[in-house]
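Worksheet: the structure to be examined is printed underneath.
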Amino acid sequence: MYSEKVMDHFSNPRNVGEMENPSGVGTVGNAKCGDIMRMYLDIDENGVIREAKFKTFGCGAAVATSSMATELVKGKTVQEALEVTNKAVMEALDGLPPVKVHCSLLAEEAIHAALWDYAEKNNIKIEGLEKPVTDIGEKEEDVSETY
Ligand code: FES
């Protein structure tokens with residue numbers, strides 16, 4: 001049911017933890033399944049993501065997608081990090097079962113929430129970044145239509 005990569009990132013998640021004084025931190029949840037993900041980003045003065053950490057209270061797929069999402073955003077500029085969509089995360093994991101697609105949305109939105117926090121703290125606007133939602137369940141219906 002799960003790809004080897006999903007199992008690997010679930011069993012050995014990368015970048016688990018918290019961060020003191022992050023440049024940006026964001027928390028999103030899904031009221032439907034009750035899962036919550038918090039993402040911390042350390043961003044340098046050139047807008048490059050130096051470090052990413054996460055804490056996920058959720059299902060295995062949510063752990064695997066947040067682990068992969070942190071790996072993908074590291075070393076990227078904030079602008080490039082916007083391209084780390086739930087689709088990109090799923091592709092990097094060699095796919096997810098359809099019922100677990102929404103878990104990857106949590107990862108995308110957690111990145112956005114952390115970037116949003118960073119932008120607000122620094123009084124900047126990140127082109128193409130929309131205000132994240134705190135409950136991803138609101139977005140889920142759009143997703144099931146897309147996939
Ligand atoms: Fe809710 Fe996976 S079941 S995030």
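Following the order of the structure tokens, chains are lettered A, B, ..., residues in each are numbered from 1, and ligands are numbered from 1.
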>> Distance limit 10 Å, reference ligand 1, atoms considered: only C-alpha atoms and all ligand atoms. Which residues make the cut? Give them as a ChimeraX atom specification.
In response: /A:29-37,56-66,99-107,136-137
>> What parts of chain A does DSSP call alpha helix (DSSP H)? I'd like the answer as a ChimeraX atom specification.
In response: /A:4-11,60-73,78-81,86-92,101-122,137-146
>> What's around Ser67 in chain A at 7 Å? Count only C-alpha atoms, leave out sequence neighbours fewer than 3 positions away in its own chain, and write the answer as a list in words.
In response: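 Counting only C-alpha atoms, the residues come to His9, Pro13, Arg14, Asn15, Val63, Ala64, Thr70 and Glu71 of chain A.
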>> According to DSSP computed on the backbone, where in range 11-61 of chain A is there strand (DSSP E or B)? Give the residues as an NGL selection string.
In response: :A and (16 or 24-30 or 35-43 or 48-57)
> Please, what distance in Å, to one decimal, runs between CA of Glu138 in chain A and CA of Arg38 in chain A?
Replying inline: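 Straight-line distance from CA of Glu138 in chain A to CA of Arg38 in chain A works out to 17.8 Å.
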